[in-house]
$ cat structure_38.cif   # mmCIF, C-alpha atoms
data_upload
loop_
_atom_site.label_atom_id
_atom_site.label_comp_id
_atom_site.auth_asym_id
_atom_site.auth_seq_id
_atom_site.Cartn_x
_atom_site.Cartn_y
_atom_site.Cartn_z
CA VAL A 651 -5.77 35.33 -22.30
CA GLN A 652 -5.01 32.56 -24.75
CA LEU A 653 -7.64 30.71 -26.71
CA GLN A 654 -7.25 27.33 -28.33
CA ALA A 655 -9.95 26.25 -30.74
CA SER A 656 -10.38 22.69 -31.96
CA GLY A 657 -12.91 20.34 -33.48
CA GLY A 658 -13.14 21.47 -37.06
CA GLY A 659 -13.15 19.11 -39.98
CA LEU A 660 -14.87 17.90 -43.12
CA VAL A 661 -18.47 16.75 -42.88
CA GLN A 662 -21.29 16.08 -45.29
CA ALA A 663 -24.33 18.30 -45.43
CA GLY A 664 -26.73 17.37 -42.66
CA GLY A 665 -23.93 16.21 -40.43
CA SER A 666 -22.70 17.53 -37.10
CA LEU A 667 -19.52 18.86 -35.53
CA ARG A 668 -18.66 20.18 -32.11
CA LEU A 669 -16.10 22.92 -31.75
CA SER A 670 -14.29 23.56 -28.50
CA CYS A 671 -12.45 26.63 -27.27
CA ALA A 672 -10.22 26.33 -24.24
CA ALA A 673 -9.27 29.57 -22.53
CA SER A 674 -6.19 30.01 -20.37
CA GLY A 675 -4.38 32.83 -18.65
CA ARG A 676 -6.35 35.70 -17.06
CA THR A 677 -9.73 34.27 -17.89
CA SER A 678 -11.22 36.06 -14.90
CA SER A 679 -10.88 39.28 -16.89
CA THR A 680 -13.33 38.01 -19.50
CA TYR A 681 -17.09 38.08 -19.31
CA ALA A 682 -18.28 36.46 -22.51
CA MET A 683 -17.13 34.07 -25.16
CA GLY A 684 -18.12 34.11 -28.78
CA TRP A 685 -17.73 32.27 -32.04
CA PHE A 686 -17.23 34.02 -35.34
CA ARG A 687 -16.63 32.60 -38.80
CA GLN A 688 -15.06 33.79 -42.00
CA ALA A 689 -15.71 32.27 -45.39
CA PRO A 690 -13.35 32.92 -48.32
CA GLY A 691 -13.84 36.39 -49.69
CA LYS A 692 -16.26 37.40 -46.96
CA GLU A 693 -16.14 39.42 -43.78
CA ARG A 694 -15.81 37.71 -40.45
CA GLU A 695 -19.29 37.34 -39.02
CA PHE A 696 -20.76 36.68 -35.61
CA VAL A 697 -22.13 33.19 -35.03
CA ALA A 698 -22.93 32.74 -31.33
CA ALA A 699 -21.95 34.00 -27.90
CA ILE A 700 -22.54 33.28 -24.25
CA ARG A 701 -21.69 34.94 -20.96
CA TRP A 702 -19.57 33.10 -18.42
CA SER A 703 -22.18 34.05 -15.83
CA GLY A 704 -24.96 32.34 -17.74
CA GLY A 705 -28.13 33.70 -19.21
CA SER A 706 -29.51 33.32 -22.68
CA PRO A 707 -26.96 32.95 -25.45
CA SER A 708 -27.11 34.91 -28.67
CA TYR A 709 -27.08 33.50 -32.21
CA VAL A 710 -27.02 34.83 -35.72
CA ASP A 711 -30.33 34.09 -37.39
CA SER A 712 -28.81 31.70 -39.93
CA VAL A 713 -27.76 29.20 -37.25
CA LYS A 714 -30.67 29.43 -34.84
CA GLY A 715 -32.17 26.03 -34.19
CA ARG A 716 -29.07 24.27 -35.56
CA PHE A 717 -26.17 25.50 -33.40
CA THR A 718 -25.98 25.43 -29.63
CA ILE A 719 -23.32 27.25 -27.64
CA SER A 720 -22.50 26.11 -24.12
CA ARG A 721 -19.82 26.66 -21.51
CA ASP A 722 -18.00 24.71 -18.83
CA ASN A 723 -16.73 27.27 -16.34
CA ALA A 724 -14.69 24.70 -14.43
CA LYS A 725 -12.73 23.92 -17.58
CA ASN A 726 -12.75 27.49 -18.95
CA THR A 727 -14.06 25.99 -22.15
CA VAL A 728 -16.82 26.98 -24.53
CA TYR A 729 -18.40 24.69 -27.08
CA VAL A 730 -20.59 25.07 -30.09
CA GLN A 731 -22.55 22.05 -31.21
CA MET A 732 -23.33 22.40 -34.89
CA ASN A 733 -26.09 20.21 -36.29
CA SER A 734 -27.78 20.04 -39.68
CA LEU A 735 -24.73 21.60 -41.26
CA LYS A 736 -25.06 23.22 -44.65
CA PRO A 737 -22.45 23.98 -47.31
CA GLU A 738 -22.88 27.67 -46.52
CA ASP A 739 -21.57 26.97 -43.01
CA THR A 740 -18.16 26.31 -44.55
CA ALA A 741 -15.68 28.77 -43.02
CA VAL A 742 -12.84 29.19 -40.61
CA TYR A 743 -14.37 29.41 -37.16
CA TYR A 744 -12.77 31.62 -34.53
CA CYS A 745 -13.45 31.74 -30.84
CA ALA A 746 -13.06 35.01 -29.02
CA ALA A 747 -13.23 36.41 -25.52
CA SER A 748 -14.69 39.72 -24.44
CA SER A 749 -13.47 41.78 -21.50
CA LEU A 750 -16.41 44.14 -21.65
CA TYR A 751 -18.69 44.01 -18.64
CA TYR A 752 -22.36 44.76 -19.14
CA SER A 753 -24.60 45.02 -16.13
CA SER A 754 -27.53 43.84 -18.22
CA THR A 755 -27.97 40.43 -19.82
CA TYR A 756 -26.59 41.73 -23.11
CA VAL A 757 -24.28 39.34 -24.93
CA PRO A 758 -21.63 41.02 -27.09
CA LYS A 759 -21.97 40.31 -30.81
CA LEU A 760 -19.68 42.81 -32.49
CA ARG A 761 -16.09 42.12 -33.42
CA PHE A 762 -14.77 45.19 -31.63
CA GLU A 763 -16.31 43.92 -28.38
CA TYR A 764 -13.90 40.99 -28.37
CA HIS A 765 -10.32 41.44 -27.32
CA TYR A 766 -8.80 37.99 -27.54
CA TRP A 767 -8.95 35.62 -30.48
CA GLY A 768 -8.08 32.01 -31.08
CA GLN A 769 -6.25 30.71 -34.12
CA GLY A 770 -9.30 29.46 -36.02
CA THR A 771 -10.41 26.01 -37.04
CA GLN A 772 -11.60 25.04 -40.51
CA VAL A 773 -15.10 23.67 -40.99
CA THR A 774 -15.91 22.33 -44.44
CA VAL A 775 -19.37 21.06 -45.30
CA SER A 776 -19.68 19.15 -48.55
CA SER A 777 -22.91 18.95 -50.52
#
$ encode --input "structure_38.cif" --output "structure tokens"
Amino acid sequence: VQLQASGGGLVQAGGSLRLSCAASGRTSSTYAMGWFRQAPGKEREFVAAIRWSGGSPSYVDSVKGRFTISRDNAKNTVYVQMNSLKPEDTAVYYCAASSLYYSSTYVPKLRFEYHYWGQGTQVTVSS
């Protein structure tokens, strides 16, 4: 599975960006897609995730109400709409795909639950 992330850039605080992640290859072996981010000097952290089959997405508390993750199964693409951006949202954003199947509605949120990673796209929010 290959993942291609795009949509990053420089935006002022309060602005918006939409990131896209296009998946190719054996996408049928994946069950969920997630976004993580890594700021300089910090650990990579979970941001949002969604199952290809639908259901409620999952978000880290710091982005709830501002970020919205969505998917287009026909295009094998996942998006994250980021509104009301803050300087603390500045990071490299990575999309990832999980091959773990859960019979429940659980959405994977841990790094080790994701097996495929995109190259990352820089998001910079100026104050």
$ residues_around --input "structure_38.cif" --residues "Lys714 of chain A" --least-positions-apart "3" --cutoff "12 Å" --atoms "only C-alpha atoms" --output "ChimeraX atom specification"
/A:697-698,707-711,717-719,730-735
$ atom_distance --input "structure_38.cif" --atom1 "atom CA of Asp722 of chain A" --atom2 "atom CA of Ala672 of chain A"
9.6 Å
$ resolve_selection --input "structure_38.cif" --expression "the PyMOL selection byres ((chain A and resi 761) around 10)" --output "PyMOL selection string"
chain A and resi 684+686+694-696+746+748+758-760+762-765
$ atom_distance --input "structure_38.cif" --atom1 "atom CA of Asn726 of chain A" --atom2 "atom CA of Arg687 of chain A"
20.9 Å
$ closest_residue --input "structure_38.cif" --among "A:Gln688, A:Ala747, A:Gly768, A:Cys671" --to "Ser720 of chain A" --atoms "all atoms listed in the file"
A:Cys671
$ residues_around --input "structure_38.cif" --residues "Pro737 of chain A" --least-positions-apart "2" --cutoff "7 Å" --atoms "all atoms listed in the file" --output "MDAnalysis selection string"
chainID A and resid 663 735 739:740 775:777
$ atom_distance --input "structure_38.cif" --atom1 "atom CA of Thr774 of chain A" --atom2 "atom CA of Val728 of chain A"
20.5 Å
$ resolve_selection --input "structure_38.cif" --expression "the PyMOL selection byres ((chain A and resi 651) around 10)" --output "list in words"
Gln652, Leu653, Ala673, Ser674, Gly675, Arg676, Thr677, Ser678, Ser679, Thr680, Ala746, Ala747, His765, Tyr766, Trp767 and Gly768 of chain A
$ closest_residue --input "structure_38.cif" --among "A:Val757, A:Ala724, A:Arg716, A:Ser749" --to "Gly665 of chain A" --atoms "all atoms listed in the file"
A:Arg716
$ axis_aligned_box --input "structure_38.cif" --around "segment 701-716 of chain A" --padding-each-side "8 Å" --output "lines of an AutoDock Vina configuration file"
center_x = -25.9
center_y = 29.6
center_z = -27.9
size_x = 28.6
size_y = 26.7
size_z = 40.1
$ residues_around --input "structure_38.cif" --residues "Ala689 of chain A" --least-positions-apart "3" --cutoff "7 Å" --atoms "all atoms listed in the file" --output "PyMOL selection string"
chain A and resi 692+740-742
$ closest_residue --input "structure_38.cif" --among "A:Val713, A:Gly659, A:Ser753, A:Tyr743" --to "Pro690 of chain A" --atoms "all atoms listed in the file"
A:Tyr743
$ build_atoms --input "structure_38.cif" --residues "segment 666-677 of chain A" --atoms "all heavy atoms" --output "PDB file, keeping the file's coordinate frame"
ATOM      1  N   SER A 666     -22.925  16.745 -38.321  1.00  0.00           N
ATOM      2  CA  SER A 666     -22.700  17.530 -37.100  1.00  0.00           C
ATOM      3  C   SER A 666     -21.213  17.606 -36.769  1.00  0.00           C
ATOM      4  O   SER A 666     -20.431  16.717 -37.113  1.00  0.00           O
ATOM      5  CB  SER A 666     -23.427  16.885 -35.913  1.00  0.00           C
ATOM      6  OG  SER A 666     -24.819  16.838 -36.113  1.00  0.00           O
ATOM      7  N   LEU A 667     -20.854  18.668 -36.093  1.00  0.00           N
ATOM      8  CA  LEU A 667     -19.520  18.860 -35.530  1.00  0.00           C
ATOM      9  C   LEU A 667     -19.674  19.604 -34.214  1.00  0.00           C
ATOM     10  O   LEU A 667     -20.628  20.370 -34.045  1.00  0.00           O
ATOM     11  CB  LEU A 667     -18.621  19.662 -36.460  1.00  0.00           C
ATOM     12  CG  LEU A 667     -18.018  18.998 -37.688  1.00  0.00           C
ATOM     13  CD1 LEU A 667     -17.288  20.041 -38.534  1.00  0.00           C
ATOM     14  CD2 LEU A 667     -17.070  17.877 -37.299  1.00  0.00           C
ATOM     15  N   ARG A 668     -18.713  19.385 -33.328  1.00  0.00           N
ATOM     16  CA  ARG A 668     -18.660  20.180 -32.110  1.00  0.00           C
ATOM     17  C   ARG A 668     -17.298  20.840 -32.009  1.00  0.00           C
ATOM     18  O   ARG A 668     -16.257  20.172 -31.999  1.00  0.00           O
ATOM     19  CB  ARG A 668     -18.915  19.326 -30.862  1.00  0.00           C
ATOM     20  CG  ARG A 668     -19.075  20.186 -29.612  1.00  0.00           C
ATOM     21  CD  ARG A 668     -19.372  19.395 -28.364  1.00  0.00           C
ATOM     22  NE  ARG A 668     -18.180  18.806 -27.777  1.00  0.00           N
ATOM     23  CZ  ARG A 668     -18.050  18.498 -26.485  1.00  0.00           C
ATOM     24  NH1 ARG A 668     -19.059  18.736 -25.652  1.00  0.00           N
ATOM     25  NH2 ARG A 668     -16.943  17.942 -26.033  1.00  0.00           N
ATOM     26  N   LEU A 669     -17.319  22.147 -31.934  1.00  0.00           N
ATOM     27  CA  LEU A 669     -16.100  22.920 -31.750  1.00  0.00           C
ATOM     28  C   LEU A 669     -15.895  23.216 -30.273  1.00  0.00           C
ATOM     29  O   LEU A 669     -16.865  23.446 -29.541  1.00  0.00           O
ATOM     30  CB  LEU A 669     -16.166  24.228 -32.534  1.00  0.00           C
ATOM     31  CG  LEU A 669     -16.467  24.134 -34.037  1.00  0.00           C
ATOM     32  CD1 LEU A 669     -16.419  25.531 -34.646  1.00  0.00           C
ATOM     33  CD2 LEU A 669     -15.527  23.198 -34.727  1.00  0.00           C
ATOM     34  N   SER A 670     -14.641  23.228 -29.870  1.00  0.00           N
ATOM     35  CA  SER A 670     -14.290  23.560 -28.500  1.00  0.00           C
ATOM     36  C   SER A 670     -13.319  24.734 -28.491  1.00  0.00           C
ATOM     37  O   SER A 670     -12.532  24.897 -29.423  1.00  0.00           O
ATOM     38  CB  SER A 670     -13.617  22.366 -27.804  1.00  0.00           C
ATOM     39  OG  SER A 670     -14.458  21.241 -27.783  1.00  0.00           O
ATOM     40  N   CYS A 671     -13.379  25.515 -27.437  1.00  0.00           N
ATOM     41  CA  CYS A 671     -12.450  26.630 -27.270  1.00  0.00           C
ATOM     42  C   CYS A 671     -12.019  26.662 -25.818  1.00  0.00           C
ATOM     43  O   CYS A 671     -12.822  26.966 -24.929  1.00  0.00           O
ATOM     44  CB  CYS A 671     -13.089  27.946 -27.664  1.00  0.00           C
ATOM     45  SG  CYS A 671     -12.002  29.379 -27.432  1.00  0.00           S
ATOM     46  N   ALA A 672     -10.765  26.339 -25.590  1.00  0.00           N
ATOM     47  CA  ALA A 672     -10.220  26.330 -24.240  1.00  0.00           C
ATOM     48  C   ALA A 672      -9.501  27.645 -23.980  1.00  0.00           C
ATOM     49  O   ALA A 672      -8.621  28.035 -24.743  1.00  0.00           O
ATOM     50  CB  ALA A 672      -9.266  25.155 -24.064  1.00  0.00           C
ATOM     51  N   ALA A 673      -9.880  28.308 -22.896  1.00  0.00           N
ATOM     52  CA  ALA A 673      -9.270  29.570 -22.530  1.00  0.00           C
ATOM     53  C   ALA A 673      -8.279  29.357 -21.388  1.00  0.00           C
ATOM     54  O   ALA A 673      -8.524  28.561 -20.476  1.00  0.00           O
ATOM     55  CB  ALA A 673     -10.339  30.573 -22.105  1.00  0.00           C
ATOM     56  N   SER A 674      -7.180  30.085 -21.444  1.00  0.00           N
ATOM     57  CA  SER A 674      -6.190  30.010 -20.370  1.00  0.00           C
ATOM     58  C   SER A 674      -5.639  31.404 -20.111  1.00  0.00           C
ATOM     59  O   SER A 674      -5.868  32.332 -20.884  1.00  0.00           O
ATOM     60  CB  SER A 674      -5.066  29.036 -20.751  1.00  0.00           C
ATOM     61  OG  SER A 674      -4.418  29.452 -21.934  1.00  0.00           O
ATOM     62  N   GLY A 675      -4.906  31.525 -19.028  1.00  0.00           N
ATOM     63  CA  GLY A 675      -4.380  32.830 -18.650  1.00  0.00           C
ATOM     64  C   GLY A 675      -5.364  33.562 -17.749  1.00  0.00           C
ATOM     65  O   GLY A 675      -6.030  32.952 -16.925  1.00  0.00           O
ATOM     66  N   ARG A 676      -5.496  34.869 -17.920  1.00  0.00           N
ATOM     67  CA  ARG A 676      -6.350  35.700 -17.060  1.00  0.00           C
ATOM     68  C   ARG A 676      -7.806  35.632 -17.506  1.00  0.00           C
ATOM     69  O   ARG A 676      -8.427  36.631 -17.872  1.00  0.00           O
ATOM     70  CB  ARG A 676      -5.861  37.137 -17.051  1.00  0.00           C
ATOM     71  CG  ARG A 676      -4.513  37.349 -16.385  1.00  0.00           C
ATOM     72  CD  ARG A 676      -4.221  38.815 -16.233  1.00  0.00           C
ATOM     73  NE  ARG A 676      -5.209  39.489 -15.412  1.00  0.00           N
ATOM     74  CZ  ARG A 676      -5.299  40.799 -15.266  1.00  0.00           C
ATOM     75  NH1 ARG A 676      -4.448  41.578 -15.917  1.00  0.00           N
ATOM     76  NH2 ARG A 676      -6.218  41.344 -14.504  1.00  0.00           N
ATOM     77  N   THR A 677      -8.346  34.444 -17.441  1.00  0.00           N
ATOM     78  CA  THR A 677      -9.730  34.270 -17.890  1.00  0.00           C
ATOM     79  C   THR A 677     -10.717  35.015 -17.011  1.00  0.00           C
ATOM     80  O   THR A 677     -11.830  35.319 -17.446  1.00  0.00           O
ATOM     81  CB  THR A 677     -10.092  32.785 -17.933  1.00  0.00           C
ATOM     82  OG1 THR A 677      -9.873  32.216 -16.639  1.00  0.00           O
ATOM     83  CG2 THR A 677      -9.236  32.050 -18.960  1.00  0.00           C
TER      84      THR A 677
END
